[in-house]
file final32.pdb (PDB, C-alpha atoms)
ATOM      1  CA  MET A 240       9.659 -46.565 -25.853
ATOM      2  CA  ASP A 241       8.184 -49.889 -27.064
ATOM      3  CA  ARG A 242      10.354 -52.972 -26.928
ATOM      4  CA  LEU A 243      11.677 -53.834 -30.357
ATOM      5  CA  LYS A 244      11.352 -57.343 -31.736
ATOM      6  CA  LEU A 245      14.456 -58.228 -33.728
ATOM      7  CA  LYS A 246      14.654 -61.119 -36.178
ATOM      8  CA  ALA A 247      17.957 -62.869 -35.477
ATOM      9  CA  VAL A 248      20.107 -65.761 -36.698
ATOM     10  CA  LEU A 249      22.946 -67.106 -34.555
ATOM     11  CA  GLY A 250      24.549 -70.549 -34.571
ATOM     12  CA  ASN A 251      24.163 -72.891 -31.613
ATOM     13  CA  HIS A 252      27.440 -71.918 -29.971
ATOM     14  CA  LEU A 253      27.988 -72.538 -26.272
ATOM     15  CA  HIS A 254      28.666 -68.837 -25.666
ATOM     16  CA  VAL A 255      25.262 -67.724 -27.039
ATOM     17  CA  GLN A 256      23.038 -70.366 -25.422
ATOM     18  CA  ALA A 257      21.796 -68.121 -22.608
ATOM     19  CA  VAL A 258      20.834 -65.412 -25.120
ATOM     20  CA  LYS A 259      19.111 -67.892 -27.439
ATOM     21  CA  SER A 260      17.189 -69.556 -24.598
ATOM     22  CA  GLY A 261      16.003 -66.189 -23.277
ATOM     23  CA  GLU A 262      17.826 -66.645 -19.968
ATOM     24  CA  LEU A 263      19.771 -63.461 -20.745
ATOM     25  CA  ARG A 264      17.481 -60.687 -21.980
ATOM     26  CA  SER A 265      17.524 -56.971 -22.684
ATOM     27  CA  ASP A 266      15.150 -54.263 -21.410
ATOM     28  CA  LEU A 267      15.164 -52.665 -24.881
ATOM     29  CA  PHE A 268      14.401 -55.517 -27.295
ATOM     30  CA  ASP A 269      13.499 -59.163 -27.798
ATOM     31  CA  LEU A 270      15.401 -61.448 -30.145
ATOM     32  CA  ASP A 271      13.180 -63.607 -32.316
ATOM     33  CA  PHE A 272      15.516 -66.386 -33.449
ATOM     34  CA  VAL A 273      15.201 -68.086 -36.822
ATOM     35  CA  GLU A 274      17.119 -71.381 -37.173
ATOM     36  CA  TYR A 275      19.330 -71.918 -40.204
ATOM     37  CA  VAL A 276      21.276 -75.193 -40.381
ATOM     38  CA  PRO A 277      24.075 -74.841 -41.249
ATOM     39  CA  THR A 278      24.281 -71.214 -40.147
ATOM     40  CA  ASN A 279      26.105 -70.188 -43.323
ATOM     41  CA  THR A 280      22.878 -70.666 -45.320
ATOM     42  CA  ALA A 281      21.598 -67.451 -43.679
ATOM     43  CA  PHE A 282      24.470 -65.341 -45.028
ATOM     44  CA  LYS A 283      23.148 -65.052 -48.592
ATOM     45  CA  PRO A 284      19.658 -63.724 -47.642
ATOM     46  CA  MET A 285      21.265 -61.347 -45.127
ATOM     47  CA  VAL A 286      23.683 -59.933 -47.721
ATOM     48  CA  ARG A 287      21.231 -59.816 -50.603
ATOM     49  CA  GLU A 288      17.974 -58.848 -48.851
ATOM     50  CA  GLN A 289      18.925 -57.817 -45.277
ATOM     51  CA  ALA A 290      16.477 -60.561 -44.298
ATOM     52  CA  PHE A 291      17.223 -60.291 -40.544
ATOM     53  CA  ASP A 292      17.959 -57.500 -38.074
ATOM     54  CA  VAL A 293      20.847 -59.381 -36.449
ATOM     55  CA  CYS A 294      22.798 -62.156 -38.145
ATOM     56  CA  GLU A 295      25.942 -64.206 -37.714
ATOM     57  CA  MET A 296      28.167 -63.728 -40.757
ATOM     58  CA  ALA A 297      31.511 -64.966 -42.043
ATOM     59  CA  ILE A 298      34.051 -62.168 -42.014
ATOM     60  CA  VAL A 299      35.063 -62.526 -45.681
ATOM     61  CA  THR A 300      31.379 -62.394 -46.674
ATOM     62  CA  TYR A 301      31.107 -59.163 -44.666
ATOM     63  CA  LEU A 302      34.259 -57.681 -46.248
ATOM     64  CA  MET A 303      32.924 -58.433 -49.728
ATOM     65  CA  ALA A 304      29.477 -57.087 -48.799
ATOM     66  CA  LYS A 305      31.129 -53.877 -47.608
ATOM     67  CA  ALA A 306      33.101 -53.607 -50.842
ATOM     68  CA  HIS A 307      29.820 -53.753 -52.774
ATOM     69  CA  GLY A 308      28.009 -51.205 -50.590
ATOM     70  CA  LYS A 309      25.633 -53.545 -48.757
ATOM     71  CA  PRO A 310      23.833 -51.786 -45.849
ATOM     72  CA  LEU A 311      25.281 -53.916 -43.051
ATOM     73  CA  VAL A 312      27.200 -52.954 -39.905
ATOM     74  CA  LEU A 313      29.763 -55.184 -38.185
ATOM     75  CA  LEU A 314      29.890 -55.835 -34.428
ATOM     76  CA  PRO A 315      33.272 -56.877 -32.936
ATOM     77  CA  ALA A 316      31.667 -60.027 -31.498
ATOM     78  CA  THR A 317      33.291 -63.255 -32.691
ATOM     79  CA  MET A 318      30.896 -66.175 -32.960
ATOM     80  CA  LEU A 319      33.340 -68.704 -34.399
ATOM     81  CA  GLY A 320      37.109 -68.824 -34.445
ATOM     82  CA  ARG A 321      39.190 -71.887 -35.182
ATOM     83  CA  PHE A 322      42.557 -73.038 -36.408
ATOM     84  CA  GLN A 323      42.287 -73.809 -40.097
ATOM     85  CA  HIS A 324      45.045 -76.326 -40.809
ATOM     86  CA  ALA A 325      42.776 -79.360 -40.214
ATOM     87  CA  TYR A 326      40.339 -78.198 -42.927
ATOM     88  CA  ALA A 327      42.389 -79.377 -45.909
ATOM     89  CA  LEU A 328      42.390 -82.967 -47.180
ATOM     90  CA  TYR A 329      43.889 -85.109 -49.930
ATOM     91  CA  ASN A 330      43.628 -88.723 -51.118
ATOM     92  CA  PRO A 331      46.889 -90.598 -50.417
ATOM     93  CA  ALA A 332      45.865 -93.390 -52.838
ATOM     94  CA  ARG A 333      46.951 -91.020 -55.593
ATOM     95  CA  GLY A 334      50.328 -90.274 -54.018
ATOM     96  CA  THR A 335      51.584 -88.137 -51.158
ATOM     97  CA  LEU A 336      50.626 -84.475 -51.317
ATOM     98  CA  GLY A 337      51.736 -81.628 -49.073
ATOM     99  CA  PRO A 338      50.803 -77.949 -48.868
ATOM    100  CA  SER A 339      53.678 -76.954 -51.192
ATOM    101  CA  ASP A 340      52.542 -79.388 -53.912
ATOM    102  CA  LEU A 341      49.234 -77.843 -54.968
ATOM    103  CA  GLU A 342      50.293 -75.823 -58.008
ATOM    104  CA  GLY A 343      48.890 -77.419 -61.163
ATOM    105  CA  LYS A 344      46.434 -79.490 -59.105
ATOM    106  CA  ARG A 345      42.609 -79.509 -59.021
ATOM    107  CA  VAL A 346      41.489 -78.276 -55.615
ATOM    108  CA  GLY A 347      37.836 -78.329 -54.560
ATOM    109  CA  ILE A 348      36.191 -75.809 -52.255
ATOM    110  CA  ARG A 349      32.506 -75.201 -51.467
ATOM    111  CA  SER A 350      32.726 -71.614 -52.703
ATOM    112  CA  PHE A 351      35.867 -69.671 -53.572
ATOM    113  CA  THR A 352      34.775 -66.891 -51.217
ATOM    114  CA  THR A 353      34.408 -68.909 -47.996
ATOM    115  CA  THR A 354      36.291 -67.528 -45.007
ATOM    116  CA  THR A 355      37.963 -70.859 -44.215
ATOM    117  CA  GLY A 356      39.129 -71.002 -47.834
ATOM    118  CA  ALA A 357      40.535 -67.471 -47.639
ATOM    119  CA  TRP A 358      42.421 -68.299 -44.430
ATOM    120  CA  ILE A 359      43.911 -71.534 -45.815
ATOM    121  CA  ARG A 360      44.838 -69.950 -49.148
ATOM    122  CA  GLY A 361      46.493 -67.118 -47.211
ATOM    123  CA  ILE A 362      48.489 -69.659 -45.217
ATOM    124  CA  LEU A 363      49.470 -71.560 -48.386
ATOM    125  CA  ALA A 364      50.566 -68.367 -50.174
ATOM    126  CA  ASN A 365      52.302 -66.586 -47.310
ATOM    127  CA  ASP A 366      53.775 -69.498 -45.339
ATOM    128  CA  TYR A 367      54.399 -72.092 -48.073
ATOM    129  CA  GLY A 368      55.071 -69.896 -51.112
ATOM    130  CA  VAL A 369      52.224 -71.360 -53.168
ATOM    131  CA  ASN A 370      51.157 -69.365 -56.235
ATOM    132  CA  LEU A 371      47.371 -69.554 -55.865
ATOM    133  CA  ASP A 372      46.849 -68.580 -59.520
ATOM    134  CA  ASN A 373      48.490 -71.853 -60.581
ATOM    135  CA  ILE A 374      45.832 -73.978 -58.867
ATOM    136  CA  ARG A 375      42.739 -75.187 -60.744
ATOM    137  CA  TRP A 376      39.924 -74.265 -58.373
ATOM    138  CA  VAL A 377      36.689 -76.267 -58.544
ATOM    139  CA  THR A 378      33.677 -74.814 -56.696
ATOM    140  CA  PHE A 379      30.196 -76.051 -55.798
ATOM    141  CA  GLU A 380      28.236 -72.950 -54.737
ATOM    142  CA  ASP A 381      27.755 -69.315 -55.737
ATOM    143  CA  PRO A 382      29.333 -66.572 -53.612
ATOM    144  CA  HIS A 383      26.997 -64.964 -51.060
ATOM    145  CA  VAL A 384      27.710 -61.565 -52.643
ATOM    146  CA  ALA A 385      26.056 -61.690 -56.078
ATOM    147  CA  GLU A 386      28.243 -58.923 -57.568
ATOM    148  CA  TYR A 387      31.463 -60.948 -57.176
ATOM    149  CA  VAL A 388      32.463 -62.482 -60.519
ATOM    150  CA  ASP A 389      33.500 -66.077 -59.854
ATOM    151  CA  THR A 390      35.895 -67.341 -62.545
ATOM    152  CA  THR A 391      36.488 -70.770 -61.009
ATOM    153  CA  GLU A 392      35.486 -74.055 -62.620
ATOM    154  CA  ARG A 393      32.057 -75.201 -61.399
ATOM    155  CA  ALA A 394      31.628 -78.847 -60.414
ATOM    156  CA  PRO A 395      28.717 -80.689 -62.083
ATOM    157  CA  LYS A 396      25.504 -80.179 -60.087
ATOM    158  CA  ASP A 397      25.173 -83.821 -59.019
ATOM    159  CA  LYS A 398      28.741 -84.054 -57.656
ATOM    160  CA  LYS A 399      29.731 -83.998 -53.967
ATOM    161  CA  ILE A 400      33.082 -82.545 -52.949
ATOM    162  CA  LEU A 401      34.438 -85.408 -50.806
ATOM    163  CA  GLN A 402      33.226 -88.064 -53.254
ATOM    164  CA  MET A 403      35.088 -86.278 -56.045
ATOM    165  CA  LEU A 404      38.226 -86.406 -53.913
ATOM    166  CA  LEU A 405      37.742 -90.127 -53.235
ATOM    167  CA  ASP A 406      37.089 -90.759 -56.938
ATOM    168  CA  GLY A 407      40.283 -88.982 -58.003
ATOM    169  CA  GLU A 408      38.424 -86.121 -59.702
ATOM    170  CA  LEU A 409      40.013 -83.668 -57.258
ATOM    171  CA  ASP A 410      43.570 -83.716 -55.883
ATOM    172  CA  ALA A 411      42.720 -81.914 -52.624
ATOM    173  CA  VAL A 412      39.861 -80.061 -50.946
ATOM    174  CA  LEU A 413      39.797 -77.038 -48.620
ATOM    175  CA  GLY A 414      37.209 -76.247 -45.961
ATOM    176  CA  GLU A 415      36.271 -79.869 -45.240
ATOM    177  CA  THR A 416      36.973 -82.476 -42.593
ATOM    178  CA  SER A 417      36.276 -86.212 -42.795
ATOM    179  CA  ASP A 418      36.578 -89.353 -40.703
ATOM    180  CA  ASP A 419      37.082 -91.435 -43.846
ATOM    181  CA  PRO A 420      40.323 -93.430 -43.332
ATOM    182  CA  LYS A 421      41.025 -93.135 -47.073
ATOM    183  CA  LEU A 422      41.614 -89.381 -46.711
ATOM    184  CA  LYS A 423      44.503 -87.584 -44.998
ATOM    185  CA  PRO A 424      45.129 -84.009 -43.848
ATOM    186  CA  LEU A 425      47.097 -81.917 -46.331
ATOM    187  CA  PHE A 426      49.155 -80.509 -43.432
ATOM    188  CA  PRO A 427      50.822 -83.640 -41.980
ATOM    189  CA  ASP A 428      50.247 -82.671 -38.322
ATOM    190  CA  PRO A 429      47.491 -80.030 -38.415
ATOM    191  CA  ALA A 430      47.429 -79.333 -34.651
ATOM    192  CA  ALA A 431      51.211 -78.834 -34.456
ATOM    193  CA  GLU A 432      51.213 -76.714 -37.623
ATOM    194  CA  ALA A 433      48.379 -74.557 -36.254
ATOM    195  CA  ALA A 434      50.150 -74.069 -32.907
ATOM    196  CA  LYS A 435      53.377 -73.004 -34.651
ATOM    197  CA  TRP A 436      51.454 -70.686 -36.971
ATOM    198  CA  CYS A 437      49.571 -69.077 -34.069
ATOM    199  CA  ALA A 438      52.788 -68.552 -32.103
ATOM    200  CA  ARG A 439      54.470 -66.957 -35.109
ATOM    201  CA  ARG A 440      51.552 -64.763 -36.201
ATOM    202  CA  GLY A 441      50.045 -64.027 -32.795
ATOM    203  CA  VAL A 442      46.612 -64.526 -34.346
ATOM    204  CA  VAL A 443      43.615 -66.786 -33.859
ATOM    205  CA  PRO A 444      41.819 -67.112 -37.211
ATOM    206  CA  VAL A 445      38.325 -65.656 -36.765
ATOM    207  CA  ASN A 446      35.573 -66.951 -39.059
ATOM    208  CA  HIS A 447      32.181 -65.601 -37.983
ATOM    209  CA  PHE A 448      31.132 -62.280 -36.448
ATOM    210  CA  VAL A 449      27.725 -60.616 -36.022
ATOM    211  CA  VAL A 450      26.228 -57.993 -38.315
ATOM    212  CA  VAL A 451      23.134 -55.813 -38.025
ATOM    213  CA  THR A 452      21.296 -53.871 -40.701
ATOM    214  CA  GLU A 453      22.421 -50.323 -41.335
ATOM    215  CA  GLN A 454      18.805 -49.267 -40.809
ATOM    216  CA  LEU A 455      18.851 -50.623 -37.238
ATOM    217  CA  ALA A 456      22.296 -49.134 -36.565
ATOM    218  CA  ARG A 457      21.167 -45.668 -37.700
ATOM    219  CA  SER A 458      17.738 -45.655 -36.080
ATOM    220  CA  ARG A 459      18.610 -47.376 -32.786
ATOM    221  CA  PRO A 460      22.323 -47.304 -31.966
ATOM    222  CA  ASP A 461      21.344 -47.974 -28.325
ATOM    223  CA  VAL A 462      19.792 -51.290 -29.390
ATOM    224  CA  VAL A 463      22.878 -52.259 -31.399
ATOM    225  CA  ALA A 464      25.072 -51.566 -28.352
ATOM    226  CA  GLY A 465      22.560 -53.593 -26.323
ATOM    227  CA  VAL A 466      22.854 -56.587 -28.666
ATOM    228  CA  TYR A 467      26.633 -56.509 -28.296
ATOM    229  CA  ASP A 468      26.365 -56.153 -24.508
ATOM    230  CA  LEU A 469      24.025 -59.146 -24.298
ATOM    231  CA  LEU A 470      26.355 -61.342 -26.354
ATOM    232  CA  LYS A 471      29.363 -60.211 -24.354
ATOM    233  CA  ARG A 472      27.612 -60.984 -21.057
ATOM    234  CA  ASN A 473      26.829 -64.480 -22.307
ATOM    235  CA  LYS A 474      30.443 -65.044 -23.319
ATOM    236  CA  GLU A 475      31.680 -63.838 -19.921
ATOM    237  CA  GLN A 476      29.131 -66.048 -18.169
ATOM    238  CA  VAL A 477      30.485 -69.117 -19.981
ATOM    239  CA  GLY A 478      34.070 -68.007 -19.389
ATOM    240  CA  ALA A 479      37.089 -68.496 -21.632
ATOM    241  CA  ALA A 480      37.286 -72.265 -22.000
ATOM    242  CA  ALA A 481      40.669 -72.207 -23.702
ATOM    243  CA  MET A 482      43.660 -70.070 -24.369
ATOM    244  CA  PRO A 483      44.115 -68.551 -26.812
ATOM    245  CA  ASP A 484      40.595 -67.128 -26.830
ATOM    246  CA  LEU A 485      38.901 -68.437 -29.994
ATOM    247  CA  VAL A 486      35.974 -66.003 -29.749
ATOM    248  CA  PRO A 487      37.503 -62.600 -28.951
ATOM    249  CA  PHE A 488      35.184 -59.651 -28.292
ATOM    250  CA  GLY A 489      36.017 -55.987 -28.834
ATOM    251  CA  ILE A 490      37.958 -54.178 -31.543
ATOM    252  CA  GLU A 491      41.372 -54.381 -29.906
ATOM    253  CA  ALA A 492      41.053 -58.110 -29.223
ATOM    254  CA  ASN A 493      40.123 -58.637 -32.881
ATOM    255  CA  ARG A 494      42.520 -56.138 -34.452
ATOM    256  CA  LYS A 495      45.316 -58.550 -35.455
ATOM    257  CA  PRO A 496      43.092 -61.289 -36.909
ATOM    258  CA  LEU A 497      41.019 -58.685 -38.770
ATOM    259  CA  GLU A 498      44.146 -57.046 -40.207
ATOM    260  CA  LEU A 499      45.401 -60.420 -41.407
ATOM    261  CA  ILE A 500      42.150 -61.622 -43.003
ATOM    262  CA  VAL A 501      41.770 -58.227 -44.716
ATOM    263  CA  ASP A 502      45.300 -58.691 -46.058
ATOM    264  CA  TYR A 503      44.570 -62.222 -47.294
ATOM    265  CA  ALA A 504      41.232 -61.187 -48.852
ATOM    266  CA  PHE A 505      42.961 -58.332 -50.702
ATOM    267  CA  GLN A 506      45.803 -60.594 -51.904
ATOM    268  CA  GLN A 507      43.181 -62.997 -53.284
ATOM    269  CA  ALA A 508      41.258 -60.187 -55.085
ATOM    270  CA  LEU A 509      38.138 -60.784 -52.985
ATOM    271  CA  ILE A 510      38.116 -57.091 -52.001
ATOM    272  CA  PRO A 511      39.445 -54.085 -53.979
ATOM    273  CA  ARG A 512      41.665 -52.604 -51.268
ATOM    274  CA  ARG A 513      42.961 -53.156 -47.745
ATOM    275  CA  TYR A 514      40.488 -51.737 -45.230
ATOM    276  CA  ALA A 515      41.733 -50.286 -41.962
ATOM    277  CA  VAL A 516      40.128 -52.068 -38.999
ATOM    278  CA  GLU A 517      38.289 -48.886 -37.962
ATOM    279  CA  GLU A 518      36.643 -48.720 -41.401
ATOM    280  CA  LEU A 519      34.907 -52.044 -40.815
ATOM    281  CA  PHE A 520      32.694 -50.541 -38.094
ATOM    282  CA  ASP A 521      30.323 -47.589 -37.776
ATOM    283  CA  GLU A 522      30.220 -44.799 -35.170
ATOM    284  CA  THR A 523      28.429 -46.978 -32.633
ATOM    285  CA  THR A 524      30.226 -50.303 -33.118
ATOM    286  CA  ARG A 525      33.669 -48.649 -33.323
ATOM    287  CA  GLY A 526      33.354 -47.843 -29.616
ATOM    288  CA  LEU A 527      32.435 -51.356 -28.472
ATOM    289  CA  ASN A 528      34.963 -53.226 -26.365
TER     290      ASN A 528
END
call {"tool": "encode", "arguments": {"input": "final32.pdb", "output": "structure tokens"}}
result
Amino acid sequence: MDRLKLKAVLGNHLHVQAVKSGELRSDLFDLDFVEYVPTNTAFKPMVREQAFDVCEMAIVTYLMAKAHGKPLVLLPATMLGRFQHAYALYNPARGTLGPSDLEGKRVGIRSFTTTTGAWIRGILANDYGVNLDNIRWVTFEDPHVAEYVDTTERAPKDKKILQMLLDGELDAVLGETSDDPKLKPLFPDPAAEAAKWCARRGVVPVNHFVVVTEQLARSRPDVVAGVYDLLKRNKEQVGAAAMPDLVPFGIEANRKPLELIVDYAFQQALIPRRYAVEELFDETTRGLN
């Protein structure tokens, strides 16, 4: 059988460098990498047009794509996982603000449907008792999934999120970090908060996975398994740099974080129902570990 050439988008993560450089290769296929910087700019064409065979994708984008019947298949291969508490800022010049103080405030976020936003909102709602409906959300971009009806307030086109925070036009922002000394983290000690949260929940928040087109999954399940195997070999070659593992591979390793982000996405009306973890995969990818 001829070697397949697969169009692929993956971020420049340490644990995929050997695959991207061609040092690790498959006997079945070649990966033809297309660079998107930042990687999240590839999610929209993948969801809307299936523009690539293999693509990194934020998990909430995938959940919403699934809800709207997009022909994509998830692999249990985490590309990016991180603790989220550091990705929330406020401007102390306008008074002290904590996570419990956001109701009635204007909070900016790149898009309401970002995975980091869903994680932080889930933390605010479930760990701090914040009623998310009482926040005035201001967004800057469309959702990747066109069918989702975004009812948030849209920032003027010429406005930048952090500048609006500095100018007092927003009270806080989610999904951003900054070295600007005028801005402070919303969670007073983000690293300590994240460590406590992880210990309590037993979860590392996962942001990005890998998806393939349904067409590839149906026509060449052996190739899909091969893509996963290649990525897993690269991760094992690099080794787990830290505990907990921020880029878990396999369904069981990802079960708890997937259950929690599904729960948060459902609570926030991003998806119509809670999906069981097994439902997120197809016959081939359900067996990958």
call {"tool": "residues_around", "arguments": {"input": "final32.pdb", "residues": "stretch 344-346 of chain A", "least_positions_apart": "6", "cutoff": "9 Å", "atoms": "only C-alpha atoms", "output": "PyMOL selection string"}}
result
chain A and resi 373-378+404+408-413
call {"tool": "atom_distance", "arguments": {"input": "final32.pdb", "atom1": "atom CA of A:Asp389", "atom2": "atom CA of A:Thr352"}}
result
8.8 Å
call {"tool": "closest_residue", "arguments": {"input": "final32.pdb", "among": "A:Gly441, A:Gly368, A:Gly347, A:Pro427", "to": "A:Glu392", "atoms": "all atoms listed in the file"}}
result
A:Gly347
call {"tool": "residues_around", "arguments": {"input": "final32.pdb", "residues": "stretch 497-502 of chain A", "least_positions_apart": "3", "cutoff": "9 Å", "atoms": "all atoms listed in the file", "output": "list in words"}}
result
Ile298, Val299, Leu302, Thr354, Ala357, Trp358, Gly361, Val442, Pro444, Val445, Asn493, Arg494, Phe505, Gln506, Gln507, Ile510, Arg512, Arg513, Tyr514, Ala515 and Val516 of chain A
call {"tool": "closest_atom_pairs", "arguments": {"input": "final32.pdb", "of": "stretch 415-461 of chain A", "to": "stretch 245-249 of chain A", "cutoff": "12 Å", "atoms": "only C-alpha atoms", "output": "tab-separated table"}}
result
residue	atom	partner	partner_atom	distance
A:His447	CA	A:Leu249	CA	10.0
A:Phe448	CA	A:Leu249	CA	9.7
A:Val449	CA	A:Leu249	CA	8.2
A:Val450	CA	A:Ala247	CA	10.0
A:Val451	CA	A:Ala247	CA	9.1
A:Thr452	CA	A:Leu245	CA	10.7
A:Leu455	CA	A:Leu245	CA	9.5
A:Arg459	CA	A:Leu245	CA	11.7
call {"tool": "closest_residue", "arguments": {"input": "final32.pdb", "among": "A:Val462, A:Lys396, A:Thr416, A:Gln256", "to": "A:Met318", "atoms": "only C-alpha atoms"}}
result
A:Gln256
call {"tool": "residues_around", "arguments": {"input": "final32.pdb", "residues": "stretch 333-340 of chain A", "least_positions_apart": "4", "cutoff": "7 Å", "atoms": "only C-alpha atoms", "output": "ChimeraX atom specification"}}
result
/A:329,363,367,369,425-426
call {"tool": "closest_residue", "arguments": {"input": "final32.pdb", "among": "A:Glu295, A:Asp418, A:Glu386, A:Asp461", "to": "A:Asp266", "atoms": "only C-alpha atoms"}}
result
A:Asp461
call {"tool": "residues_around", "arguments": {"input": "final32.pdb", "residues": "A:Pro511", "least_positions_apart": "6", "cutoff": "9 Å", "atoms": "only C-alpha atoms", "output": "PyMOL selection string"}}
result
chain A and resi 303+306+504-505
call {"tool": "atom_distance", "arguments": {"input": "final32.pdb", "atom1": "atom CA of A:Tyr301", "atom2": "atom CA of A:Gly261"}}
result
27.1 Å
call {"tool": "resolve_selection", "arguments": {"input": "final32.pdb", "expression": "the PyMOL selection byres ((chain A and resi 275) around 12)", "output": "list in words"}}
result
Ala247, Val248, Leu249, Gly250, Asn251, Phe272, Val273, Glu274, Val276, Pro277, Thr278, Asn279, Thr280, Ala281, Phe282, Lys283, Pro284, Met285, Phe291, Cys294 and Glu295 of chain A
call {"tool": "atom_distance", "arguments": {"input": "final32.pdb", "atom1": "atom CA of A:Gly489", "atom2": "atom CA of A:Asp468"}}
result
10.6 Å
call {"tool": "closest_residue", "arguments": {"input": "final32.pdb", "among": "A:His254, A:Leu509, A:Asp366, A:Leu270", "to": "A:Ala433", "atoms": "all atoms listed in the file"}}
result
A:Asp366
call {"tool": "build_atoms", "arguments": {"input": "final32.pdb", "residues": "stretch 473-479 of chain A", "atoms": "all heavy atoms", "output": "CSV table (one decimal), in the frame of the given file"}}
result
chain,number,residue,atom,x,y,z
A,473,ASN,N,26.9,-63.0,-22.2
A,473,ASN,CA,26.8,-64.5,-22.3
A,473,ASN,C,28.2,-65.1,-22.4
A,473,ASN,O,28.5,-66.1,-21.7
A,473,ASN,CB,26.0,-64.8,-23.5
A,473,ASN,CG,25.5,-66.3,-23.5
A,473,ASN,OD1,24.5,-66.6,-24.2
A,473,ASN,ND2,26.1,-67.2,-22.8
A,474,LYS,N,29.1,-64.5,-23.2
A,474,LYS,CA,30.4,-65.0,-23.3
A,474,LYS,C,31.2,-65.0,-22.0
A,474,LYS,O,31.8,-66.0,-21.6
A,474,LYS,CB,31.3,-64.2,-24.3
A,474,LYS,CG,32.6,-64.9,-24.6
A,474,LYS,CD,33.6,-63.9,-25.1
A,474,LYS,CE,35.0,-64.6,-24.9
A,474,LYS,NZ,36.1,-63.8,-25.4
A,475,GLU,N,31.0,-63.9,-21.2
A,475,GLU,CA,31.7,-63.8,-19.9
A,475,GLU,C,31.1,-64.8,-18.9
A,475,GLU,O,31.8,-65.3,-18.1
A,475,GLU,CB,31.6,-62.4,-19.4
A,475,GLU,CG,32.5,-61.4,-20.2
A,475,GLU,CD,32.2,-60.0,-19.9
A,475,GLU,OE1,31.1,-59.7,-19.2
A,475,GLU,OE2,33.0,-59.1,-20.3
A,476,GLN,N,29.8,-65.1,-19.1
A,476,GLN,CA,29.1,-66.0,-18.2
A,476,GLN,C,29.7,-67.5,-18.4
A,476,GLN,O,29.9,-68.2,-17.4
A,476,GLN,CB,27.6,-66.0,-18.5
A,476,GLN,CG,26.8,-66.9,-17.6
A,476,GLN,CD,25.3,-66.7,-18.0
A,476,GLN,OE1,24.8,-65.6,-17.9
A,476,GLN,NE2,24.7,-67.8,-18.4
A,477,VAL,N,29.9,-67.8,-19.6
A,477,VAL,CA,30.5,-69.1,-20.0
A,477,VAL,C,31.9,-69.2,-19.6
A,477,VAL,O,32.4,-70.2,-19.1
A,477,VAL,CB,30.3,-69.4,-21.5
A,477,VAL,CG1,31.1,-70.6,-21.9
A,477,VAL,CG2,28.9,-69.5,-21.8
A,478,GLY,N,32.6,-68.1,-19.7
A,478,GLY,CA,34.1,-68.0,-19.4
A,478,GLY,C,34.9,-68.5,-20.6
A,478,GLY,O,34.4,-69.2,-21.4
A,479,ALA,N,36.2,-68.1,-20.6
A,479,ALA,CA,37.1,-68.5,-21.6
A,479,ALA,C,37.5,-69.9,-21.4
A,479,ALA,O,38.2,-70.2,-20.4
A,479,ALA,CB,38.3,-67.6,-21.7
